[in-house]
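Undergrad: What follows is my_file_8.cif, made up of mmCIF, N, CA and C atoms:
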data_run
loop_
_atom_site.label_atom_id
_atom_site.label_comp_id
_atom_site.auth_asym_id
_atom_site.auth_seq_id
_atom_site.Cartn_x
_atom_site.Cartn_y
_atom_site.Cartn_z
N LEU E 22 -35.72 -24.24 34.25
CA LEU E 22 -36.08 -24.52 32.87
C LEU E 22 -36.94 -25.77 32.74
N THR E 23 -36.82 -26.66 33.71
CA THR E 23 -37.55 -27.93 33.58
C THR E 23 -38.85 -27.97 34.36
N ASP E 24 -39.06 -27.06 35.33
CA ASP E 24 -40.27 -27.07 36.15
C ASP E 24 -41.24 -26.00 35.64
N ALA E 25 -42.27 -26.41 34.91
CA ALA E 25 -43.25 -25.47 34.33
C ALA E 25 -44.14 -24.84 35.39
N ALA E 26 -44.21 -25.41 36.59
CA ALA E 26 -45.06 -24.88 37.66
C ALA E 26 -44.36 -23.79 38.47
N GLU E 27 -43.09 -23.66 38.32
CA GLU E 27 -42.34 -22.66 39.10
C GLU E 27 -42.55 -21.26 38.49
N PRO E 28 -43.04 -20.26 39.31
CA PRO E 28 -43.25 -18.90 38.79
C PRO E 28 -41.90 -18.23 38.49
N VAL E 29 -41.88 -17.51 37.40
CA VAL E 29 -40.67 -16.80 37.00
C VAL E 29 -41.01 -15.37 36.62
N ILE E 30 -40.06 -14.51 36.69
CA ILE E 30 -40.26 -13.10 36.33
C ILE E 30 -40.12 -12.92 34.82
N GLY E 31 -39.22 -13.55 34.18
CA GLY E 31 -38.97 -13.39 32.76
C GLY E 31 -37.53 -12.96 32.55
N TYR E 32 -37.28 -12.38 31.40
CA TYR E 32 -35.91 -11.95 31.09
C TYR E 32 -35.61 -10.67 31.83
N ILE E 33 -34.50 -10.62 32.51
CA ILE E 33 -34.05 -9.42 33.23
C ILE E 33 -32.66 -9.07 32.73
N GLY E 34 -32.47 -7.80 32.44
CA GLY E 34 -31.15 -7.34 32.02
C GLY E 34 -30.72 -6.17 32.88
N ALA E 35 -29.46 -5.94 32.94
CA ALA E 35 -28.92 -4.82 33.70
C ALA E 35 -27.81 -4.18 32.89
N GLY E 36 -27.73 -2.89 32.98
CA GLY E 36 -26.70 -2.19 32.22
C GLY E 36 -26.50 -0.79 32.78
N ALA E 37 -25.57 -0.11 32.23
CA ALA E 37 -25.28 1.25 32.66
C ALA E 37 -25.13 2.14 31.42
N VAL E 38 -25.56 3.38 31.56
CA VAL E 38 -25.44 4.35 30.48
C VAL E 38 -24.33 5.33 30.84
N THR E 39 -23.44 5.54 29.90
CA THR E 39 -22.40 6.53 30.11
C THR E 39 -22.44 7.52 28.95
N GLU E 40 -22.08 8.75 29.22
CA GLU E 40 -22.03 9.79 28.20
C GLU E 40 -20.66 10.42 28.20
N LYS E 41 -20.27 10.87 27.00
CA LYS E 41 -18.99 11.55 26.89
C LYS E 41 -19.16 12.66 25.86
N ARG E 42 -18.78 13.86 26.21
CA ARG E 42 -18.81 14.98 25.28
C ARG E 42 -17.47 15.08 24.59
N LEU E 43 -17.54 15.20 23.29
CA LEU E 43 -16.31 15.26 22.51
C LEU E 43 -16.37 16.52 21.66
N PHE E 44 -15.40 17.39 21.81
CA PHE E 44 -15.34 18.63 21.04
C PHE E 44 -14.26 18.49 19.98
N ILE E 45 -14.65 18.81 18.73
CA ILE E 45 -13.72 18.71 17.61
C ILE E 45 -13.59 20.08 16.98
N ALA E 46 -12.38 20.55 16.86
CA ALA E 46 -12.12 21.85 16.22
C ALA E 46 -12.12 21.68 14.70
N ASN E 47 -12.45 22.73 13.99
CA ASN E 47 -12.44 22.68 12.52
C ASN E 47 -11.07 22.26 12.00
N THR E 48 -10.03 22.65 12.67
CA THR E 48 -8.68 22.31 12.22
C THR E 48 -8.37 20.83 12.34
N GLU E 49 -9.16 20.09 13.12
CA GLU E 49 -8.95 18.66 13.27
C GLU E 49 -9.68 17.84 12.21
N LEU E 50 -10.54 18.49 11.43
CA LEU E 50 -11.31 17.78 10.40
C LEU E 50 -10.50 17.71 9.11
N PRO E 51 -10.75 16.70 8.29
CA PRO E 51 -10.04 16.62 7.01
C PRO E 51 -10.48 17.75 6.09
N ASP E 52 -9.59 18.19 5.24
CA ASP E 52 -9.87 19.28 4.31
C ASP E 52 -10.56 18.71 3.08
N ILE E 53 -11.89 18.67 3.13
CA ILE E 53 -12.69 18.13 2.03
C ILE E 53 -13.41 19.28 1.35
N ARG E 54 -13.25 19.39 0.06
CA ARG E 54 -13.92 20.44 -0.71
C ARG E 54 -15.07 19.83 -1.50
N TYR E 55 -16.21 20.45 -1.43
CA TYR E 55 -17.37 20.00 -2.18
C TYR E 55 -17.63 20.96 -3.33
N GLU E 56 -17.82 20.44 -4.50
CA GLU E 56 -18.14 21.25 -5.66
C GLU E 56 -19.65 21.49 -5.69
N THR E 57 -20.05 22.74 -5.64
CA THR E 57 -21.47 23.08 -5.64
C THR E 57 -21.96 23.54 -6.99
N GLY E 58 -21.03 23.89 -7.89
CA GLY E 58 -21.43 24.43 -9.18
C GLY E 58 -21.55 25.94 -9.18
N TYR E 59 -21.37 26.55 -8.00
CA TYR E 59 -21.49 28.00 -7.89
C TYR E 59 -20.14 28.66 -7.59
N ALA E 60 -19.06 27.96 -7.84
CA ALA E 60 -17.74 28.48 -7.48
C ALA E 60 -17.40 29.77 -8.21
N GLY E 61 -17.82 29.92 -9.44
CA GLY E 61 -17.51 31.12 -10.20
C GLY E 61 -18.53 32.23 -10.06
N CYS E 62 -19.52 32.02 -9.23
CA CYS E 62 -20.60 33.01 -9.10
C CYS E 62 -20.22 34.12 -8.14
N GLY E 63 -20.70 35.27 -8.45
CA GLY E 63 -20.52 36.42 -7.58
C GLY E 63 -21.45 37.52 -8.03
N THR E 64 -21.58 38.53 -7.23
CA THR E 64 -22.42 39.64 -7.63
C THR E 64 -21.66 40.56 -8.56
N ILE E 65 -22.39 41.25 -9.41
CA ILE E 65 -21.78 42.25 -10.27
C ILE E 65 -21.95 43.60 -9.60
N ASP E 66 -21.44 44.64 -10.22
CA ASP E 66 -21.58 45.97 -9.63
C ASP E 66 -23.04 46.34 -9.44
N THR E 67 -23.25 47.38 -8.70
CA THR E 67 -24.60 47.87 -8.46
C THR E 67 -25.27 48.24 -9.77
N VAL E 68 -26.50 47.79 -9.93
CA VAL E 68 -27.33 48.18 -11.08
C VAL E 68 -28.19 49.34 -10.58
N LEU E 69 -27.98 50.51 -11.16
CA LEU E 69 -28.74 51.68 -10.74
C LEU E 69 -30.19 51.55 -11.16
N ILE E 70 -31.08 52.23 -10.44
CA ILE E 70 -32.50 52.14 -10.71
C ILE E 70 -32.80 52.51 -12.16
N LYS E 71 -32.15 53.55 -12.68
CA LYS E 71 -32.42 53.99 -14.05
C LYS E 71 -32.02 52.94 -15.08
N ASP E 72 -31.07 52.07 -14.76
CA ASP E 72 -30.60 51.04 -15.68
C ASP E 72 -31.31 49.70 -15.50
N ALA E 73 -32.07 49.56 -14.44
CA ALA E 73 -32.69 48.28 -14.10
C ALA E 73 -33.59 47.72 -15.20
N PRO E 74 -34.47 48.51 -15.82
CA PRO E 74 -35.33 47.92 -16.86
C PRO E 74 -34.52 47.32 -18.02
N THR E 75 -33.46 47.98 -18.42
CA THR E 75 -32.65 47.48 -19.53
C THR E 75 -31.87 46.23 -19.13
N ILE E 76 -31.22 46.29 -18.00
CA ILE E 76 -30.35 45.17 -17.58
C ILE E 76 -31.17 43.94 -17.16
N PHE E 77 -32.23 44.16 -16.42
CA PHE E 77 -33.02 43.03 -15.94
C PHE E 77 -34.05 42.57 -16.97
N GLY E 78 -34.29 43.35 -17.99
CA GLY E 78 -35.28 43.01 -19.01
C GLY E 78 -34.95 41.76 -19.81
N SER E 79 -33.68 41.46 -19.96
CA SER E 79 -33.29 40.29 -20.74
C SER E 79 -33.40 38.98 -19.95
N MET E 80 -33.55 39.08 -18.65
CA MET E 80 -33.66 37.93 -17.74
C MET E 80 -32.37 37.11 -17.66
N THR E 81 -31.26 37.63 -18.19
CA THR E 81 -29.98 36.93 -18.04
C THR E 81 -29.26 37.39 -16.79
N ILE E 82 -29.58 38.59 -16.33
CA ILE E 82 -29.07 39.12 -15.07
C ILE E 82 -30.27 39.44 -14.20
N LEU E 83 -30.22 38.98 -12.94
CA LEU E 83 -31.36 39.12 -12.04
C LEU E 83 -30.95 39.86 -10.77
N PRO E 84 -31.87 40.61 -10.17
CA PRO E 84 -31.55 41.31 -8.92
C PRO E 84 -31.44 40.34 -7.75
N LEU E 85 -30.51 40.65 -6.85
CA LEU E 85 -30.35 39.83 -5.64
C LEU E 85 -30.95 40.51 -4.42
N TYR E 86 -30.60 41.77 -4.24
CA TYR E 86 -31.13 42.52 -3.10
C TYR E 86 -31.01 44.01 -3.38
N ASN E 87 -31.78 44.79 -2.64
CA ASN E 87 -31.78 46.24 -2.80
C ASN E 87 -30.52 46.84 -2.19
N ILE E 88 -30.09 47.96 -2.77
CA ILE E 88 -28.96 48.71 -2.21
C ILE E 88 -29.45 50.12 -1.91
N TYR E 89 -29.21 50.53 -0.68
CA TYR E 89 -29.67 51.84 -0.21
C TYR E 89 -28.48 52.74 0.07
N ILE E 90 -28.72 54.05 0.05
CA ILE E 90 -27.71 54.98 0.53
C ILE E 90 -27.52 54.67 2.01
N PRO E 91 -26.28 54.55 2.47
CA PRO E 91 -26.05 54.18 3.87
C PRO E 91 -26.79 55.10 4.85
N GLN E 92 -27.32 54.50 5.86
CA GLN E 92 -28.03 55.18 6.95
C GLN E 92 -29.33 55.83 6.51
N THR E 93 -29.86 55.44 5.34
CA THR E 93 -31.14 55.99 4.86
C THR E 93 -31.98 54.86 4.31
N SER E 94 -33.18 55.22 3.89
CA SER E 94 -34.04 54.24 3.22
C SER E 94 -34.21 54.62 1.75
N ILE E 95 -33.23 55.35 1.22
CA ILE E 95 -33.28 55.79 -0.17
C ILE E 95 -32.64 54.71 -1.05
N LEU E 96 -33.46 54.11 -1.91
CA LEU E 96 -33.01 53.04 -2.80
C LEU E 96 -32.22 53.64 -3.96
N ILE E 97 -31.01 53.11 -4.19
CA ILE E 97 -30.19 53.62 -5.30
C ILE E 97 -30.01 52.57 -6.39
N GLY E 98 -30.26 51.31 -6.07
CA GLY E 98 -30.09 50.27 -7.07
C GLY E 98 -30.20 48.89 -6.49
N TYR E 99 -29.59 47.94 -7.20
CA TYR E 99 -29.69 46.53 -6.84
C TYR E 99 -28.35 45.83 -7.03
N ALA E 100 -28.06 44.88 -6.17
CA ALA E 100 -26.97 43.96 -6.44
C ALA E 100 -27.55 42.89 -7.35
N ALA E 101 -26.76 42.39 -8.27
CA ALA E 101 -27.30 41.45 -9.25
C ALA E 101 -26.29 40.36 -9.57
N ALA E 102 -26.78 39.30 -10.17
CA ALA E 102 -25.93 38.19 -10.63
C ALA E 102 -26.59 37.56 -11.84
N THR E 103 -25.84 36.71 -12.49
CA THR E 103 -26.39 36.02 -13.66
C THR E 103 -27.51 35.08 -13.22
N ALA E 104 -28.40 34.77 -14.15
CA ALA E 104 -29.52 33.88 -13.84
C ALA E 104 -29.05 32.52 -13.36
N GLU E 105 -27.95 32.01 -13.93
CA GLU E 105 -27.44 30.70 -13.52
C GLU E 105 -26.99 30.69 -12.07
N CYS E 106 -26.51 31.82 -11.60
CA CYS E 106 -26.01 31.91 -10.22
C CYS E 106 -27.09 32.32 -9.24
N THR E 107 -28.20 32.81 -9.74
CA THR E 107 -29.25 33.26 -8.86
C THR E 107 -30.19 32.13 -8.55
#
Mind turning this structure into C-alpha coordinates?
TA:
Amino acid sequence: LTDAAEPVIGYIGAGAVTEKRLFIANTELPDIRYETGYAGCGTIDTVLIKDAPTIFGSMTILPLYNIYIPQTSILIGYAAATAECT
(Lines of atoms letter the chains of each structure in order from A and count residues from 1; the text may use other names and numbers.)
(Lines give C-alpha, C1' and ligand atoms only; values in the text may rest on other atoms or scores of the structure.)
Protein backbone atom coordinates (compact mmCIF):
# COMPACT_ATOMS: atom_id res chain seq x y z
CA LEU A 1 0.00 0.00 0.00
CA THR A 2 2.88 2.36 0.63
CA ASP A 3 5.17 1.58 -2.36
CA ALA A 4 3.71 3.20 -5.52
CA ALA A 5 6.48 1.66 -7.68
CA GLU A 6 5.58 -1.92 -6.83
CA PRO A 7 3.48 -3.58 -9.65
CA VAL A 8 0.18 -5.02 -8.51
CA ILE A 9 -2.54 -7.06 -10.17
CA GLY A 10 -5.52 -5.30 -8.59
CA TYR A 11 -8.50 -6.65 -6.70
CA ILE A 12 -8.78 -10.43 -6.80
CA GLY A 13 -11.71 -12.39 -5.45
CA ALA A 14 -12.45 -16.06 -5.19
CA GLY A 15 -15.71 -17.84 -4.68
CA ALA A 16 -17.71 -20.91 -5.48
CA VAL A 17 -21.10 -21.37 -7.13
CA THR A 18 -23.47 -23.97 -5.81
CA GLU A 19 -26.89 -24.95 -7.12
CA LYS A 20 -29.77 -26.70 -5.47
CA ARG A 21 -33.00 -27.88 -7.07
CA LEU A 22 -36.02 -27.56 -4.89
CA PHE A 23 -39.33 -29.19 -5.81
CA ILE A 24 -42.49 -27.90 -4.18
CA ALA A 25 -45.79 -29.74 -4.47
CA ASN A 26 -49.04 -27.79 -4.81
CA THR A 27 -50.14 -29.23 -1.49
CA GLU A 28 -47.19 -27.52 0.22
CA LEU A 29 -48.27 -24.04 -0.93
CA PRO A 30 -50.60 -21.85 1.11
CA ASP A 31 -54.25 -21.88 0.04
CA ILE A 32 -54.57 -18.38 -1.40
CA ARG A 33 -57.65 -17.48 -3.43
CA TYR A 34 -57.56 -14.60 -5.87
CA GLU A 35 -60.75 -12.82 -6.84
CA THR A 36 -60.81 -12.32 -10.61
CA GLY A 37 -64.33 -10.96 -10.96
CA TYR A 38 -65.32 -13.91 -13.14
CA ALA A 39 -66.33 -16.30 -10.36
CA GLY A 40 -70.00 -16.34 -11.37
CA CYS A 41 -69.32 -16.66 -15.08
CA GLY A 42 -70.08 -19.72 -17.08
CA THR A 43 -71.39 -20.72 -20.44
CA ILE A 44 -75.09 -20.98 -21.09
CA ASP A 45 -76.74 -23.75 -23.07
CA THR A 46 -76.04 -24.15 -26.74
CA VAL A 47 -77.47 -21.38 -28.89
CA LEU A 48 -78.78 -23.03 -32.04
CA ILE A 49 -77.95 -21.47 -35.40
CA LYS A 50 -81.60 -20.57 -36.02
CA ASP A 51 -81.73 -18.65 -32.71
CA ALA A 52 -78.35 -16.92 -33.05
CA PRO A 53 -79.54 -13.69 -34.73
CA THR A 54 -82.14 -13.08 -32.01
CA ILE A 55 -79.97 -14.02 -29.03
CA PHE A 56 -76.74 -12.41 -30.20
CA GLY A 57 -78.47 -9.38 -31.73
CA SER A 58 -78.86 -7.62 -28.39
CA MET A 59 -75.09 -7.87 -27.69
CA THR A 60 -75.80 -8.88 -24.07
CA ILE A 61 -74.99 -12.51 -24.85
CA LEU A 62 -71.99 -13.27 -27.05
CA PRO A 63 -70.74 -16.44 -28.75
CA LEU A 64 -67.70 -18.17 -27.27
CA TYR A 65 -67.02 -21.00 -29.68
CA ASN A 66 -68.68 -23.14 -32.32
CA ILE A 67 -70.41 -26.41 -31.44
CA TYR A 68 -70.42 -29.21 -33.98
CA ILE A 69 -72.16 -32.55 -34.20
CA PRO A 70 -69.59 -34.95 -32.72
CA GLN A 71 -67.20 -36.50 -35.23
CA THR A 72 -68.39 -34.17 -38.03
CA SER A 73 -67.86 -30.65 -39.27
CA ILE A 74 -71.58 -29.86 -39.15
CA LEU A 75 -72.16 -26.69 -37.14
CA ILE A 76 -75.23 -26.87 -34.88
CA GLY A 77 -74.75 -23.78 -32.74
CA TYR A 78 -72.58 -21.84 -30.35
CA ALA A 79 -71.60 -21.86 -26.71
CA ALA A 80 -72.28 -18.41 -25.29
CA ALA A 81 -71.91 -16.25 -22.20
CA THR A 82 -72.91 -12.81 -21.06
CA ALA A 83 -70.96 -9.86 -22.42
CA GLU A 84 -69.51 -9.14 -18.97
CA CYS A 85 -68.04 -12.62 -18.81
CA THR A 86 -66.83 -12.70 -22.36
Undergrad: Between atom CA of E:Leu69 and atom CA of E:Cys106, what is the distance in Å, rounded to a tenth?
TA: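 Between these atoms lies a distance of 20.0 Å.
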Undergrad: Using DSSP on the backbone coordinates, identify all residues within stretch 44-100 of chain E classified as strand (DSSP E); present the result as a PyMOL selection string.
TA: chain E and resi 65-69+82-89+96-100
Undergrad: Might you pull out every residue within 12 Å of E:Tyr89, with only C-alpha atoms counted and same-chain residues fewer than 4 positions away left off, and present them as a ChimeraX atom specification?
TA: /E:67-70,93-100
Undergrad: Hey, what does DSSP flag as alpha helix (DSSP H) within chain E? Can you give it to me as an MDAnalysis selection string?
TA: chainID E and resid 73:78
Undergrad: What is the atom C of E:Leu83-atom CA of E:Thr57 distance in Å, reported with one decimal?
TA: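 Distance between the two atoms: 19.9 Å.
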Undergrad: Can you give me all heavy atoms for stretch 41-52 of chain E, written as a short mmCIF file (atom, residue, chain, number, x, y, z; two decimals), keeping the file's coordinate frame?
TA:
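Contents of part-v1.cif, as written:
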data_model
loop_
_atom_site.label_atom_id
_atom_site.label_comp_id
_atom_site.auth_asym_id
_atom_site.auth_seq_id
_atom_site.Cartn_x
_atom_site.Cartn_y
_atom_site.Cartn_z
N LYS E 41 -20.27 10.87 27.00
CA LYS E 41 -18.99 11.55 26.89
C LYS E 41 -19.16 12.66 25.86
O LYS E 41 -19.68 12.44 24.77
CB LYS E 41 -17.91 10.58 26.42
CG LYS E 41 -16.54 11.21 26.30
CD LYS E 41 -15.50 10.17 25.89
CE LYS E 41 -14.14 10.81 25.80
NZ LYS E 41 -13.12 9.84 25.41
N ARG E 42 -18.78 13.86 26.21
CA ARG E 42 -18.81 14.98 25.28
C ARG E 42 -17.47 15.08 24.59
O ARG E 42 -16.43 15.05 25.25
CB ARG E 42 -19.09 16.29 26.00
CG ARG E 42 -20.53 16.57 26.21
CD ARG E 42 -20.70 17.92 26.81
NE ARG E 42 -21.48 18.73 25.89
CZ ARG E 42 -22.03 19.87 26.21
NH1 ARG E 42 -21.84 20.37 27.41
NH2 ARG E 42 -22.74 20.53 25.35
N LEU E 43 -17.54 15.20 23.29
CA LEU E 43 -16.31 15.26 22.51
C LEU E 43 -16.37 16.52 21.66
O LEU E 43 -17.30 16.71 20.87
CB LEU E 43 -16.22 14.01 21.62
CG LEU E 43 -15.00 13.90 20.73
CD1 LEU E 43 -13.72 13.84 21.54
CD2 LEU E 43 -15.12 12.65 19.87
N PHE E 44 -15.40 17.39 21.81
CA PHE E 44 -15.34 18.63 21.04
C PHE E 44 -14.26 18.49 19.98
O PHE E 44 -13.14 18.10 20.27
CB PHE E 44 -15.03 19.82 21.95
CG PHE E 44 -16.13 20.08 22.95
CD1 PHE E 44 -16.08 19.52 24.22
CD2 PHE E 44 -17.21 20.86 22.61
CE1 PHE E 44 -17.08 19.76 25.13
CE2 PHE E 44 -18.23 21.10 23.52
CZ PHE E 44 -18.16 20.55 24.79
N ILE E 45 -14.65 18.81 18.73
CA ILE E 45 -13.72 18.71 17.61
C ILE E 45 -13.59 20.08 16.98
O ILE E 45 -14.59 20.69 16.58
CB ILE E 45 -14.23 17.69 16.56
CG1 ILE E 45 -14.41 16.32 17.21
CG2 ILE E 45 -13.30 17.63 15.38
CD1 ILE E 45 -15.11 15.32 16.32
N ALA E 46 -12.38 20.55 16.86
CA ALA E 46 -12.12 21.85 16.22
C ALA E 46 -12.12 21.68 14.70
O ALA E 46 -11.83 20.59 14.19
CB ALA E 46 -10.78 22.41 16.68
N ASN E 47 -12.45 22.73 13.99
CA ASN E 47 -12.44 22.68 12.52
C ASN E 47 -11.07 22.26 12.00
O ASN E 47 -10.98 21.58 10.97
CB ASN E 47 -12.80 24.04 11.93
CG ASN E 47 -14.28 24.32 12.06
OD1 ASN E 47 -15.07 23.42 12.33
ND2 ASN E 47 -14.66 25.57 11.87
N THR E 48 -10.03 22.65 12.67
CA THR E 48 -8.68 22.31 12.22
C THR E 48 -8.37 20.83 12.34
O THR E 48 -7.45 20.34 11.71
CB THR E 48 -7.64 23.10 13.03
OG1 THR E 48 -7.84 22.85 14.43
CG2 THR E 48 -7.77 24.60 12.78
N GLU E 49 -9.16 20.09 13.12
CA GLU E 49 -8.95 18.66 13.27
C GLU E 49 -9.68 17.84 12.21
O GLU E 49 -9.47 16.63 12.11
CB GLU E 49 -9.43 18.21 14.65
CG GLU E 49 -8.66 18.82 15.80
CD GLU E 49 -9.23 18.40 17.13
OE1 GLU E 49 -8.89 17.29 17.59
OE2 GLU E 49 -10.04 19.16 17.69
N LEU E 50 -10.54 18.49 11.43
CA LEU E 50 -11.31 17.78 10.40
C LEU E 50 -10.50 17.71 9.11
O LEU E 50 -9.68 18.58 8.83
CB LEU E 50 -12.63 18.51 10.14
CG LEU E 50 -13.58 18.57 11.33
CD1 LEU E 50 -14.77 19.47 11.00
CD2 LEU E 50 -14.06 17.18 11.69
N PRO E 51 -10.75 16.70 8.29
CA PRO E 51 -10.04 16.62 7.01
C PRO E 51 -10.48 17.75 6.09
O PRO E 51 -11.62 18.23 6.16
CB PRO E 51 -10.46 15.26 6.45
CG PRO E 51 -11.70 14.90 7.17
CD PRO E 51 -11.65 15.57 8.50
N ASP E 52 -9.59 18.19 5.24
CA ASP E 52 -9.87 19.28 4.31
C ASP E 52 -10.56 18.71 3.08
O ASP E 52 -9.91 18.31 2.12
CB ASP E 52 -8.57 20.00 3.93
CG ASP E 52 -8.83 21.25 3.12
OD1 ASP E 52 -9.95 21.79 3.18
OD2 ASP E 52 -7.91 21.70 2.40
#
